[in-house]
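Visitor: For reference, this is start-v1.cif, and it has mmCIF, C-alpha atoms.
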```
data_data
loop_
_atom_site.label_atom_id
_atom_site.label_comp_id
_atom_site.auth_asym_id
_atom_site.auth_seq_id
_atom_site.Cartn_x
_atom_site.Cartn_y
_atom_site.Cartn_z
CA MET A 127 -34.58 -25.68 -3.56
CA ALA A 128 -35.14 -23.33 -0.64
CA GLY A 129 -31.58 -23.57 0.70
CA PRO A 130 -29.72 -22.42 -2.44
CA GLU A 131 -32.22 -19.60 -2.97
CA ARG A 132 -31.66 -18.27 0.55
CA ARG A 133 -27.89 -18.34 0.05
CA THR A 134 -28.25 -16.45 -3.22
CA VAL A 135 -30.35 -13.73 -1.60
CA ARG A 136 -27.90 -13.48 1.30
CA ASP A 137 -24.95 -13.21 -1.07
CA LEU A 138 -26.72 -10.53 -3.10
CA ARG A 139 -27.43 -8.51 0.02
CA ARG A 140 -23.80 -8.86 1.14
CA GLY A 141 -22.65 -7.70 -2.29
CA ASN A 142 -24.97 -4.69 -2.20
CA ARG A 143 -23.67 -3.82 1.26
CA ALA A 144 -20.06 -3.92 0.08
CA VAL A 145 -20.80 -1.77 -2.97
CA LEU A 146 -22.57 0.87 -0.87
CA LEU A 147 -19.93 0.89 1.84
CA ARG A 148 -17.07 1.28 -0.63
CA ASN A 149 -18.85 4.14 -2.38
CA LEU A 150 -19.43 5.89 0.92
CA PHE A 151 -15.79 5.39 1.89
CA PHE A 152 -14.34 6.73 -1.36
CA ALA A 153 -17.06 9.16 -2.53
CA GLY A 154 -18.96 10.09 0.63
CA PRO A 155 -20.68 11.83 2.23
CA ALA A 156 -23.55 11.06 -0.10
CA SER A 157 -27.34 10.98 -0.01
CA ARG A 158 -29.35 7.83 -0.60
CA GLN A 159 -30.35 9.15 -4.01
CA GLU A 160 -26.71 9.79 -4.93
CA LEU A 161 -25.79 6.30 -3.76
CA SER A 162 -28.48 4.82 -5.98
CA HIS A 163 -27.04 6.74 -8.93
CA LEU A 164 -23.43 5.78 -8.09
CA THR A 165 -24.11 2.09 -7.57
CA GLY A 166 -26.98 1.37 -9.94
CA LEU A 167 -28.94 -0.15 -7.03
CA SER A 168 -32.64 0.51 -6.63
CA ALA A 169 -33.85 3.07 -4.13
CA ALA A 170 -35.41 0.26 -2.09
CA SER A 171 -32.13 -1.69 -1.95
CA VAL A 172 -30.20 1.40 -0.93
CA SER A 173 -32.74 2.19 1.77
CA ASN A 174 -32.65 -1.36 3.17
CA VAL A 175 -28.86 -1.68 3.24
CA THR A 176 -28.18 1.80 4.58
CA GLY A 177 -30.77 1.13 7.28
CA ASP A 178 -28.75 -1.90 8.36
CA LEU A 179 -25.48 0.05 8.28
CA LEU A 180 -26.99 2.87 10.33
CA GLY A 181 -28.36 0.38 12.84
CA GLU A 182 -24.89 -1.15 13.25
CA ASN A 183 -23.32 2.34 13.62
CA ILE A 184 -20.99 1.64 10.70
CA VAL A 185 -22.61 4.55 8.87
CA VAL A 186 -23.78 7.80 10.44
CA GLU A 187 -25.73 10.82 9.26
CA ALA A 188 -23.60 13.77 8.14
CA GLY A 189 -26.03 16.66 7.77
CA LEU A 190 -28.53 17.76 5.14
CA VAL A 191 -28.23 18.99 1.57
CA ASP A 192 -30.85 20.92 -0.39
CA SER A 193 -32.73 19.08 -3.14
CA ASP A 194 -34.47 20.46 -6.20
CA GLY A 195 -37.93 21.41 -5.05
CA GLY A 196 -38.21 18.77 -2.36
CA ARG A 197 -37.23 18.11 1.21
CA PRO A 198 -33.55 18.34 2.08
CA ARG A 199 -31.72 15.03 1.69
CA THR A 200 -29.78 13.41 4.49
CA LEU A 201 -26.12 12.81 3.81
CA LEU A 202 -24.49 9.60 5.02
CA ARG A 203 -20.83 8.77 5.67
CA VAL A 204 -18.76 5.96 7.13
CA ASN A 205 -18.46 6.37 10.89
CA ARG A 206 -14.77 7.16 11.30
CA ASP A 207 -14.84 6.07 14.94
CA PHE A 208 -16.47 2.69 14.31
CA GLY A 209 -13.07 1.04 14.28
CA TYR A 210 -9.36 1.47 13.70
CA ALA A 211 -6.78 0.00 11.35
CA ILE A 212 -3.11 -0.38 12.26
CA GLY A 213 -0.44 -0.25 9.55
CA VAL A 214 3.17 -1.34 9.99
CA ASP A 215 6.20 -0.62 7.82
CA VAL A 216 9.13 -3.01 8.34
CA ASP A 217 12.12 -1.46 6.58
CA ASP A 218 15.89 -1.88 6.63
CA THR A 219 16.26 0.94 9.12
CA HIS A 220 13.07 0.99 11.21
CA VAL A 221 9.78 -0.52 12.23
CA ARG A 222 7.05 2.12 11.98
CA VAL A 223 3.57 1.48 13.43
CA GLN A 224 0.63 3.81 12.76
CA LEU A 225 -3.01 3.72 13.87
CA PHE A 226 -5.73 5.21 11.66
CA ASP A 227 -9.44 5.82 12.08
CA LEU A 228 -11.81 5.08 9.18
CA ASP A 229 -11.20 8.53 7.68
CA MET A 230 -7.59 7.29 7.44
CA THR A 231 -6.58 10.06 9.81
CA LEU A 232 -3.46 9.24 11.79
CA ARG A 233 -4.38 8.77 15.46
CA GLY A 234 -1.19 7.28 16.88
CA GLU A 235 2.37 6.44 15.85
CA ALA A 236 5.39 4.59 17.22
CA GLU A 237 8.76 3.86 15.66
CA ALA A 238 11.74 1.69 16.56
CA ALA A 239 15.11 2.15 14.86
CA LEU A 240 16.88 -0.99 13.72
CA ARG A 241 20.58 -1.27 14.37
CA ALA A 242 22.87 -2.01 11.44
CA GLY A 243 22.51 -5.68 10.61
CA GLU A 244 19.55 -6.20 12.97
CA ARG A 245 17.59 -8.78 10.99
CA ASP A 246 16.44 -11.39 13.50
CA ALA A 247 12.79 -12.10 12.70
CA GLU A 248 11.78 -12.65 16.33
CA VAL A 249 13.34 -9.34 17.35
CA ILE A 250 11.59 -7.48 14.54
CA ALA A 251 8.29 -9.16 15.39
CA GLY A 252 8.83 -7.94 18.95
CA HIS A 253 9.25 -4.37 17.68
CA VAL A 254 5.99 -4.69 15.74
CA LEU A 255 4.06 -5.98 18.75
CA ALA A 256 5.56 -3.34 21.06
CA GLY A 257 4.60 -0.67 18.52
CA VAL A 258 1.01 -1.93 18.39
CA ASP A 259 0.78 -1.71 22.18
CA ALA A 260 2.32 1.77 22.12
CA VAL A 261 -0.11 3.25 19.57
CA LEU A 262 -3.09 1.76 21.38
CA ALA A 263 -1.92 3.26 24.66
CA ALA A 264 -1.11 6.66 23.15
CA SER A 265 -4.39 6.95 21.22
CA GLY A 266 -6.63 5.49 23.91
CA ALA A 267 -8.16 3.15 21.32
CA SER A 268 -9.60 -0.05 22.70
CA PRO A 269 -8.18 -3.26 21.19
CA ASP A 270 -11.80 -4.38 20.74
CA ARG A 271 -12.24 -1.58 18.20
CA VAL A 272 -9.19 -2.51 16.12
CA LEU A 273 -10.25 -4.15 12.86
CA GLY A 274 -6.81 -5.57 12.22
CA VAL A 275 -3.08 -5.02 11.80
CA GLY A 276 -1.56 -4.81 8.32
CA VAL A 277 2.19 -5.31 7.97
CA GLY A 278 4.35 -4.40 4.97
CA VAL A 279 7.63 -6.35 4.82
CA PRO A 280 10.54 -6.71 2.39
CA GLY A 281 10.62 -9.70 0.08
CA ILE A 282 8.12 -12.30 -1.10
CA VAL A 283 5.15 -13.16 1.12
CA GLN A 284 3.46 -16.53 0.65
CA SER A 285 -0.26 -16.47 1.30
CA GLY A 286 -1.48 -18.58 4.19
CA ARG A 287 -1.96 -18.40 7.92
CA ASP A 288 1.76 -18.30 8.72
CA ALA A 289 2.57 -15.64 6.08
CA LEU A 290 5.94 -17.14 5.14
CA VAL A 291 8.40 -14.40 4.15
CA HIS A 292 11.32 -14.90 1.77
CA ALA A 293 13.59 -11.84 2.03
CA GLU A 294 17.12 -12.55 0.88
CA ALA A 295 18.36 -9.12 1.89
CA PHE A 296 17.26 -9.92 5.46
CA GLY A 297 18.47 -13.50 5.34
CA TRP A 298 14.88 -14.72 5.74
CA ASP A 299 14.00 -18.00 4.05
CA ALA A 300 10.37 -19.01 4.61
CA VAL A 301 10.24 -17.18 7.96
CA PRO A 302 6.72 -17.66 9.45
CA PHE A 303 6.37 -13.98 10.27
CA GLY A 304 2.60 -14.17 10.64
CA ALA A 305 2.96 -16.96 13.18
CA LEU A 306 5.57 -14.95 15.12
CA LEU A 307 3.17 -12.02 15.34
CA ARG A 308 0.17 -14.18 16.19
CA ALA A 309 2.02 -15.53 19.20
CA GLY A 310 1.86 -12.04 20.70
CA THR A 311 -1.54 -10.70 19.63
CA SER A 312 -5.07 -11.88 18.98
CA LEU A 313 -5.77 -9.04 16.54
CA PRO A 314 -6.48 -10.04 12.92
CA LEU A 315 -3.24 -9.94 10.90
CA TYR A 316 -2.51 -9.15 7.26
CA VAL A 317 1.05 -9.44 5.91
CA ASP A 318 2.16 -8.39 2.43
CA ASN A 319 5.13 -7.02 0.49
CA GLY A 320 5.90 -3.38 1.27
CA ALA A 321 6.01 -2.22 -2.35
CA LYS A 322 2.64 -3.83 -3.06
CA VAL A 323 0.92 -2.19 -0.09
CA MET A 324 2.48 1.18 -0.94
CA GLY A 325 1.05 0.72 -4.42
CA GLN A 326 -2.43 0.25 -2.98
CA ALA A 327 -2.06 3.38 -0.84
CA GLU A 328 -1.07 5.45 -3.89
CA LEU A 329 -4.01 4.02 -5.84
CA TRP A 330 -6.52 4.75 -3.12
CA PHE A 331 -5.34 8.15 -1.93
CA GLY A 332 -2.28 9.31 -3.87
CA SER A 333 -0.80 9.84 -7.31
CA GLY A 334 -2.28 6.65 -8.76
CA ARG A 335 -5.88 7.49 -7.94
CA GLY A 336 -8.26 6.89 -10.84
CA CYS A 337 -5.94 4.50 -12.70
CA ARG A 338 -6.80 0.95 -13.72
CA HIS A 339 -3.32 0.19 -15.07
CA ALA A 340 -0.37 1.54 -13.11
CA VAL A 341 3.04 0.72 -11.74
CA VAL A 342 4.05 2.09 -8.34
CA VAL A 343 7.76 1.71 -7.58
CA LEU A 344 9.41 1.88 -4.18
CA LEU A 345 13.03 3.01 -4.03
CA GLY A 346 14.71 3.04 -0.65
CA SER A 347 17.37 0.78 0.80
CA GLY A 348 15.55 -1.89 -1.22
CA VAL A 349 13.75 -1.57 -4.55
CA GLY A 350 10.40 -3.08 -5.56
CA ALA A 351 7.23 -2.44 -7.50
CA GLY A 352 3.48 -2.85 -7.26
CA ILE A 353 2.00 -3.71 -10.66
CA ILE A 354 -1.68 -2.87 -11.09
CA THR A 355 -3.45 -4.31 -14.11
CA GLY A 356 -7.18 -4.15 -14.65
CA GLY A 357 -7.59 -2.63 -11.19
CA LEU A 358 -5.90 -5.50 -9.31
CA THR A 359 -2.41 -6.01 -7.96
CA TYR A 360 -0.67 -8.55 -10.16
CA ARG A 361 0.97 -11.24 -8.03
CA GLY A 362 2.03 -14.06 -10.33
CA ALA A 363 2.10 -17.79 -9.62
CA ASN A 364 3.46 -17.56 -6.05
CA SER A 365 3.10 -13.86 -5.16
CA SER A 366 6.65 -12.96 -6.22
CA ALA A 367 5.65 -10.57 -9.02
CA GLY A 368 7.02 -7.08 -8.49
CA GLU A 369 10.57 -8.01 -7.46
CA TRP A 370 11.67 -5.37 -9.95
CA GLY A 371 14.77 -4.46 -7.96
CA HIS A 372 16.26 -7.85 -8.78
CA THR A 373 15.72 -7.72 -12.52
CA LYS A 374 19.08 -7.55 -14.29
CA ILE A 375 20.07 -4.20 -15.71
CA VAL A 376 23.71 -5.15 -16.47
CA ALA A 377 24.67 -8.75 -17.22
CA GLY A 378 27.35 -9.79 -14.71
CA GLY A 379 27.34 -6.29 -13.23
CA ARG A 380 27.69 -5.01 -9.67
CA ALA A 381 27.14 -7.33 -6.74
CA CYS A 382 23.71 -7.06 -5.13
CA ARG A 383 22.91 -7.85 -1.52
CA CYS A 384 20.57 -10.61 -2.75
CA GLY A 385 23.65 -12.53 -3.87
CA GLY A 386 23.16 -11.88 -7.58
CA ARG A 387 24.98 -9.51 -9.90
CA GLY A 388 23.73 -6.71 -12.11
CA CYS A 389 20.42 -6.20 -10.24
CA LEU A 390 18.72 -2.84 -10.65
CA GLU A 391 18.79 -2.37 -6.87
CA ALA A 392 22.60 -2.32 -6.95
CA TYR A 393 22.41 0.74 -9.22
CA VAL A 394 19.43 2.76 -7.92
CA GLY A 395 19.03 1.67 -4.28
CA ALA A 396 20.42 3.88 -1.53
CA GLN A 397 23.53 1.81 -0.83
CA GLY A 398 24.16 1.25 -4.53
CA ILE A 399 24.37 4.99 -5.17
CA LEU A 400 26.43 5.68 -2.05
CA THR A 401 28.86 2.89 -2.89
CA ARG A 402 29.30 4.22 -6.42
CA ALA A 403 30.04 7.67 -4.95
CA GLU A 404 32.53 6.06 -2.52
CA VAL A 405 30.58 7.37 0.47
CA SER A 406 30.39 5.19 3.57
CA ALA A 407 27.21 5.76 5.55
CA GLY A 408 25.41 3.50 8.00
CA PRO A 409 21.62 3.19 8.17
CA ASP A 410 21.37 6.23 10.45
CA ARG A 411 23.14 8.46 7.89
CA GLU A 412 21.88 7.06 4.58
CA GLN A 413 19.24 9.70 3.99
CA GLU A 414 21.46 12.62 4.94
CA ALA A 415 24.39 11.39 2.84
CA LEU A 416 22.29 10.62 -0.23
CA GLY A 417 20.48 13.94 0.06
CA GLU A 418 23.82 15.76 -0.12
CA LEU A 419 24.80 13.84 -3.25
CA VAL A 420 21.47 14.50 -4.97
CA ARG A 421 21.50 18.20 -4.20
CA ALA A 422 25.07 18.46 -5.47
CA GLY A 423 24.21 16.66 -8.72
CA HIS A 424 26.94 14.09 -8.08
CA PRO A 425 27.91 11.93 -11.10
CA ALA A 426 26.85 8.80 -9.19
CA VAL A 427 23.34 10.24 -8.91
CA GLN A 428 23.24 11.15 -12.60
CA GLU A 429 24.31 7.62 -13.45
CA ALA A 430 21.60 6.22 -11.19
CA VAL A 431 18.99 8.38 -12.94
CA GLY A 432 19.97 6.80 -16.26
CA TYR A 433 19.64 3.29 -14.87
CA LEU A 434 16.34 4.19 -13.20
CA GLY A 435 14.96 5.50 -16.48
CA ALA A 436 15.95 2.29 -18.24
CA GLY A 437 14.41 0.19 -15.48
CA LEU A 438 11.17 2.15 -15.60
CA ALA A 439 11.12 1.91 -19.39
CA ASN A 440 11.23 -1.87 -19.08
CA LEU A 441 8.07 -1.69 -16.96
CA VAL A 442 6.43 0.68 -19.45
CA ASN A 443 7.22 -1.65 -22.36
CA LEU A 444 6.12 -4.78 -20.48
CA PHE A 445 2.91 -3.58 -18.81
CA ASN A 446 1.74 -0.52 -20.80
CA PRO A 447 0.55 1.39 -17.69
CA GLU A 448 -1.34 4.67 -17.66
CA ARG A 449 0.89 5.97 -14.90
CA VAL A 450 4.21 5.22 -13.25
CA VAL A 451 4.40 6.49 -9.66
CA ILE A 452 7.82 6.88 -8.07
CA GLY A 453 7.78 6.42 -4.28
CA GLY A 454 9.96 5.42 -1.37
CA TRP A 455 12.34 7.86 0.29
CA VAL A 456 15.05 7.49 -2.38
CA GLY A 457 12.49 7.67 -5.18
CA LEU A 458 10.88 10.80 -3.77
CA LEU A 459 14.28 12.42 -3.27
CA LEU A 460 15.29 11.70 -6.87
CA ALA A 461 11.91 12.79 -8.23
CA ARG A 462 12.08 16.06 -6.31
CA HIS A 463 15.38 17.04 -7.94
CA GLU A 464 15.66 14.93 -11.09
CA LEU A 465 12.14 14.19 -12.37
CA ALA A 466 12.72 15.84 -15.76
CA ARG A 467 15.88 13.75 -16.31
CA ILE A 468 14.10 10.60 -15.17
CA LYS A 469 11.29 11.23 -17.66
CA GLY A 470 13.84 11.84 -20.38
CA ALA A 471 15.60 8.56 -19.62
CA VAL A 472 12.26 6.71 -19.64
CA ALA A 473 11.36 8.24 -23.02
CA GLU A 474 14.77 7.36 -24.45
CA ASN A 475 14.42 3.70 -23.50
CA SER A 476 10.70 3.11 -24.11
CA LEU A 477 8.84 2.15 -27.25
CA VAL A 478 6.93 5.10 -28.67
CA GLN A 479 3.38 3.73 -28.32
CA PRO A 480 3.48 2.67 -24.65
CA TYR A 481 5.38 5.82 -23.68
CA GLU A 482 2.72 8.01 -25.28
CA ALA A 483 0.12 6.42 -22.97
CA VAL A 484 2.02 6.86 -19.69
CA SER A 485 2.69 9.69 -17.26
CA VAL A 486 5.63 9.47 -14.84
CA VAL A 487 4.94 11.21 -11.51
CA ALA A 488 6.20 11.40 -7.95
CA GLY A 489 4.29 9.61 -5.22
CA GLY A 490 1.78 11.78 -3.43
CA LEU A 491 1.83 10.26 0.06
CA GLY A 492 5.38 10.81 1.24
CA PRO A 493 7.87 8.33 2.67
CA GLU A 494 5.37 6.88 5.16
CA ALA A 495 3.10 5.42 2.48
CA VAL A 496 3.98 1.81 3.31
CA ALA A 497 2.37 1.97 6.76
CA LEU A 498 -0.73 3.62 5.29
CA GLY A 499 -0.84 0.98 2.57
CA ALA A 500 -0.55 -1.81 5.12
CA ALA A 501 -3.55 -0.33 6.96
CA THR A 502 -5.56 -0.42 3.72
CA LEU A 503 -5.30 -4.23 3.74
CA VAL A 504 -7.42 -4.14 6.89
CA VAL A 505 -9.84 -1.55 5.55
CA ASP A 506 -10.24 -3.44 2.28
CA ASP A 507 -11.66 -6.46 4.12
CA PHE A 508 -13.86 -4.22 6.27
CA LEU A 509 -15.35 -2.55 3.18
CA LEU A 510 -15.98 -5.93 1.56
CA GLY A 511 -17.87 -7.04 4.63
CA THR A 512 -15.78 -10.18 4.98
CA PRO A 513 -14.94 -11.66 8.37
CA PRO A 514 -11.51 -10.64 9.73
CA ALA A 515 -8.76 -12.75 8.18
CA SER A 516 -5.45 -13.86 9.62
CA ALA A 517 -3.58 -13.74 6.32
CA ARG A 518 -3.20 -11.11 3.65
CA ARG A 519 -5.80 -10.59 0.94
CA VAL A 520 -5.37 -9.68 -2.71
CA ALA A 521 -5.33 -5.90 -3.07
CA ARG A 522 -8.34 -4.38 -4.79
CA LEU A 523 -8.82 -1.07 -6.52
CA PRO A 524 -11.54 1.18 -5.03
CA VAL A 525 -14.71 2.01 -6.88
#
```
Could I get this file's structure written as structure tokens?

Guide:
Amino acid sequence: MAGPERRTVRDLRRGNRAVLLRNLFFAGPASRQELSHLTGLSAASVSNVTGDLLGENIVVEAGLVDSDGGRPRTLLRVNRDFGYAIGVDVDDTHVRVQLFDLDMTLRGEAEAALRAGERDAEVIAGHVLAGVDAVLAASGASPDRVLGVGVGVPGIVQSGRDALVHAEAFGWDAVPFGALLRAGTSLPLYVDNGAKVMGQAELWFGSGRGCRHAVVVLLGSGVGAGIITGGLTYRGANSSAGEWGHTKIVAGGRACRCGGRGCLEAYVGAQGILTRAEVSAGPDREQEALGELVRAGHPAVQEAVGYLGAGLANLVNLFNPERVVIGGWVGLLLARHELARIKGAVAENSLVQPYEAVSVVAGGLGPEAVALGAATLVVDDFLLGTPPASARRVARLPV
């Protein structure tokens, strides 16, 4: 009888620790009394757990605040310098690596441009590893202080130690991307779909904050979505949920780079719009060329807005979210100039009841949200108090 009881007490203490740490991360600095109110934990439990966290230097004191008629209360916060999280964005045009402290302040950055058609997984893994070395050197951060490396990639990521990636646009079929990275680093690794990690970043820090039901869409060279329901990222039977860009918007329509026809990506992705406008632009000129079309109100852009509205309306009707967040560099560009038209197209194609419950907004974190989101995979495990993992975890909504 003694063994199970000890495990139960240990699990309870671990759970209390995670609850307190997450509240300090998202709502801190806070006093012990405020933490008791926020978490529902007793004053004794808060005192015991915060004592442990202070002793481990995970939490530090952050000054005093006056109390009503009593002694000033000590504020606590997560120690931003306790460790670092690295986030990586693998995109069609670049590999971006960023290092953050535990305030999620950017402390180092490196980027490698990908040549047109550069899709070899070993080469891209090499760019990721070189970027990790570069941000550590530039920031002066010790590898011993790095809590992990999160990587956002295109396509479907199978859970498991090897993090098998299926990305048809890259020609990747069950590429063991996690294993390729592990061959060059001993740091804990987390690999997930780029749209899903961007969705977590917007939920934690951006335009999705406070939502329990949301859809965060990424429009760039590729198109995807992070679907949040009940506070968790919906993944489906084999983690392929959210491949919104390859839902069919026109039966037998335009050819998509995935090999199918009529995919939404062929109508609202960067190359889809440029092709429709009969503009030839390589990866290094995509953003400039599309920006010119958007600012000019080109008919190809107006057409894309209509298809985007219909595609978003499908998500509204299917998932009944509180908020739809439009992100990615193409999405942010369109939202900056065409948000009213996009909303109109969503309203036109949605059922009345789900549309009345939703707001359609631009992402709040800019085009670099994927790298930040990838870093949150690392921080999520840290806040839960779980041992470092070598494969991605299910995204969780903050308290």

Visitor: With 10 Å as the cut-off and only C-alpha atoms counted, what is the closest atom pair between each nearby residue of range 333-419 of chain A and range 235-246 of chain A? Distances in Å to one decimal, ordered by chain and number, as a Markdown table.

Guide:
```
| residue | atom | partner | partner_atom | distance |
| --- | --- | --- | --- | --- |
| A:Gly408 | CA | A:Ala242 | CA | 7.0 |
| A:Pro409 | CA | A:Ala242 | CA | 6.3 |
| A:Asp410 | CA | A:Ala242 | CA | 8.4 |
```

Visitor: Would you save the residues from that selection as an mmCIF file, in the frame of the given file, using C-alpha atoms?

Guide:
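Saved file out09.cif follows:
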```cif
data_model
loop_
_atom_site.group_PDB
_atom_site.id
_atom_site.type_symbol
_atom_site.label_atom_id
_atom_site.label_comp_id
_atom_site.auth_asym_id
_atom_site.auth_seq_id
_atom_site.Cartn_x
_atom_site.Cartn_y
_atom_site.Cartn_z
ATOM 1 C CA GLY A 408 25.410 3.500 8.000
ATOM 2 C CA PRO A 409 21.620 3.190 8.170
ATOM 3 C CA ASP A 410 21.370 6.230 10.450
#
```

Visitor: Applying the PyMOL selection byres ((chain A and resi 253) around 12) to the file I just gave you, which residues come out? Please list them as a ChimeraX atom specification.

Guide: /A:214-217,220-223,236-240,244-252,254-260,306-307,310

Visitor: Taking the file as I've supplied it (selection: the PyMOL selection byres ((chain A and resi 420) around 10)), which residues are included? Please answer as a PyMOL selection string.

Guide: chain A and resi 399+415-419+421-428+456+459-460+462-464

Visitor: What is the distance, in Å and to one decimal place, between CA of Leu273 in chain A and CA of Leu315 in chain A?

Guide: 9.3 Å

Visitor: Which residues match the PyMOL selection byres ((chain A and resi 352) around 12) in the file above, as a PyMOL selection string?

Guide: chain A and resi 318-329+334+339-345+349-351+353-355+357-362+365-371+441+445+447+449-453+496+499+521

Visitor: Using only C-alpha atoms, which residues sit within 6 Å of range 184-193 of chain A once same-chain residues fewer than 6 positions away are excluded, as a PDB file with C-alpha atoms, in the frame of the given file?

Guide:
```
ATOM      1  CA  ARG A 199     -31.720  15.030   1.690  1.00  0.00           C
ATOM      2  CA  THR A 200     -29.780  13.410   4.490  1.00  0.00           C
ATOM      3  CA  LEU A 201     -26.120  12.810   3.810  1.00  0.00           C
ATOM      4  CA  LEU A 202     -24.490   9.600   5.020  1.00  0.00           C
ATOM      5  CA  ARG A 203     -20.830   8.770   5.670  1.00  0.00           C
ATOM      6  CA  VAL A 204     -18.760   5.960   7.130  1.00  0.00           C
ATOM      7  CA  ASN A 205     -18.460   6.370  10.890  1.00  0.00           C
ATOM      8  CA  PHE A 208     -16.470   2.690  14.310  1.00  0.00           C
TER       9      PHE A 208
END
```

Visitor: Go through A:Gln397, A:Ser476, A:Ser265, A:Asn364 one by one, measure the shortest atom-to-atom distance of each to Glu412 in chain A using all atoms listed in the file, and give the residue with the smallest value.

Guide: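 Distance minimum relative to Glu412 in chain A lands on A:Gln397.
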
Visitor: I'd like to know which of A:Ala144, A:Ala392, A:Ala501, A:Val442 is closest to Asp227 in chain A, using only C-alpha atoms.

Guide: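 So, comparing all the options, the nearest one is A:Ala501.
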
Visitor: Dig up all the protein and nucleic acid residues within 10 Å of (18.8, -10.1, -17.1) in the file frame, using only C-alpha atoms, and format them as a PyMOL selection string.

Guide: chain A and resi 372-378+387-390

Visitor: Would you export the selected residues with C-alpha atoms as a PDB file, keeping the file's coordinate frame, please?

Guide:
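Listed below is the output, selection_22.pdb:
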```
ATOM      1  CA  HIS A 372      16.260  -7.850  -8.780  1.00  0.00           C
ATOM      2  CA  THR A 373      15.720  -7.720 -12.520  1.00  0.00           C
ATOM      3  CA  LYS A 374      19.080  -7.550 -14.290  1.00  0.00           C
ATOM      4  CA  ILE A 375      20.070  -4.200 -15.710  1.00  0.00           C
ATOM      5  CA  VAL A 376      23.710  -5.150 -16.470  1.00  0.00           C
ATOM      6  CA  ALA A 377      24.670  -8.750 -17.220  1.00  0.00           C
ATOM      7  CA  GLY A 378      27.350  -9.790 -14.710  1.00  0.00           C
ATOM      8  CA  ARG A 387      24.980  -9.510  -9.900  1.00  0.00           C
ATOM      9  CA  GLY A 388      23.730  -6.710 -12.110  1.00  0.00           C
ATOM     10  CA  CYS A 389      20.420  -6.200 -10.240  1.00  0.00           C
ATOM     11  CA  LEU A 390      18.720  -2.840 -10.650  1.00  0.00           C
TER      12      LEU A 390
END
```

Visitor: Using all atoms listed in the file - which residues lie no farther than 10 Å from the point (-28.3, -6.8, 1.4) in the file's frame? Write them as JSON, numbers by chain.

Guide: {"A": [135, 136, 137, 138, 139, 140, 141, 142, 143, 144, 146, 171, 172, 174, 175, 176, 178]}

Visitor: Go through A:Gly432, A:Gly166, A:Gly492, A:Gly454 one by one, measure the shortest atom-to-atom distance of each to Arg467 in chain A using all atoms listed in the file, and give the residue with the smallest value.

Guide: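 Residue with the minimum atom-to-atom distance to Arg467 in chain A: A:Gly432.
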
Visitor: What's the separation between CA of Arg233 in chain A and CA of Leu491 in chain A, in Å to one decimal place?

Guide: 16.7 Å

Visitor: Just how far from CA of Arg287 in chain A is CA of Gly274 in chain A, in Å to one decimal?

Guide: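 CA of Gly274 in chain A sits 14.4 Å away from CA of Arg287 in chain A.
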
Visitor: Write out as a list in words the residues lying within 6 Å of Ala471 in chain A, counting only C-alpha atoms and excluding same-chain residues fewer than 3 positions away.

Guide: Gly432, Gly435, Ile468 and Glu474 of chain A

Visitor: Need to verify the contact set: Ala436 in chain A, 6 Å, all atoms listed in the file, exclusion of same-chain residues closer than 3 positions in sequence. Can you return it as an NGL selection string?

Guide: :A and (433 or 439 or 472 or 475)

Visitor: Name the closest residue to Asp506 in chain A among the candidates A:Pro314, A:Gly395, A:Cys337, A:Arg148; distances are taken between atoms, counting only C-alpha atoms.

Guide: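 Among A:Pro314, A:Gly395, A:Cys337, A:Arg148, it is A:Arg148 that comes nearest to Asp506 in chain A.
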
Visitor: With distances taken over only C-alpha atoms, which residue among A:Ser162, A:Ser312, A:Asn443, A:Asn183 lies nearest Val272 in chain A?

Guide: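 Closest to Val272 in chain A of all the choices is A:Ser312.
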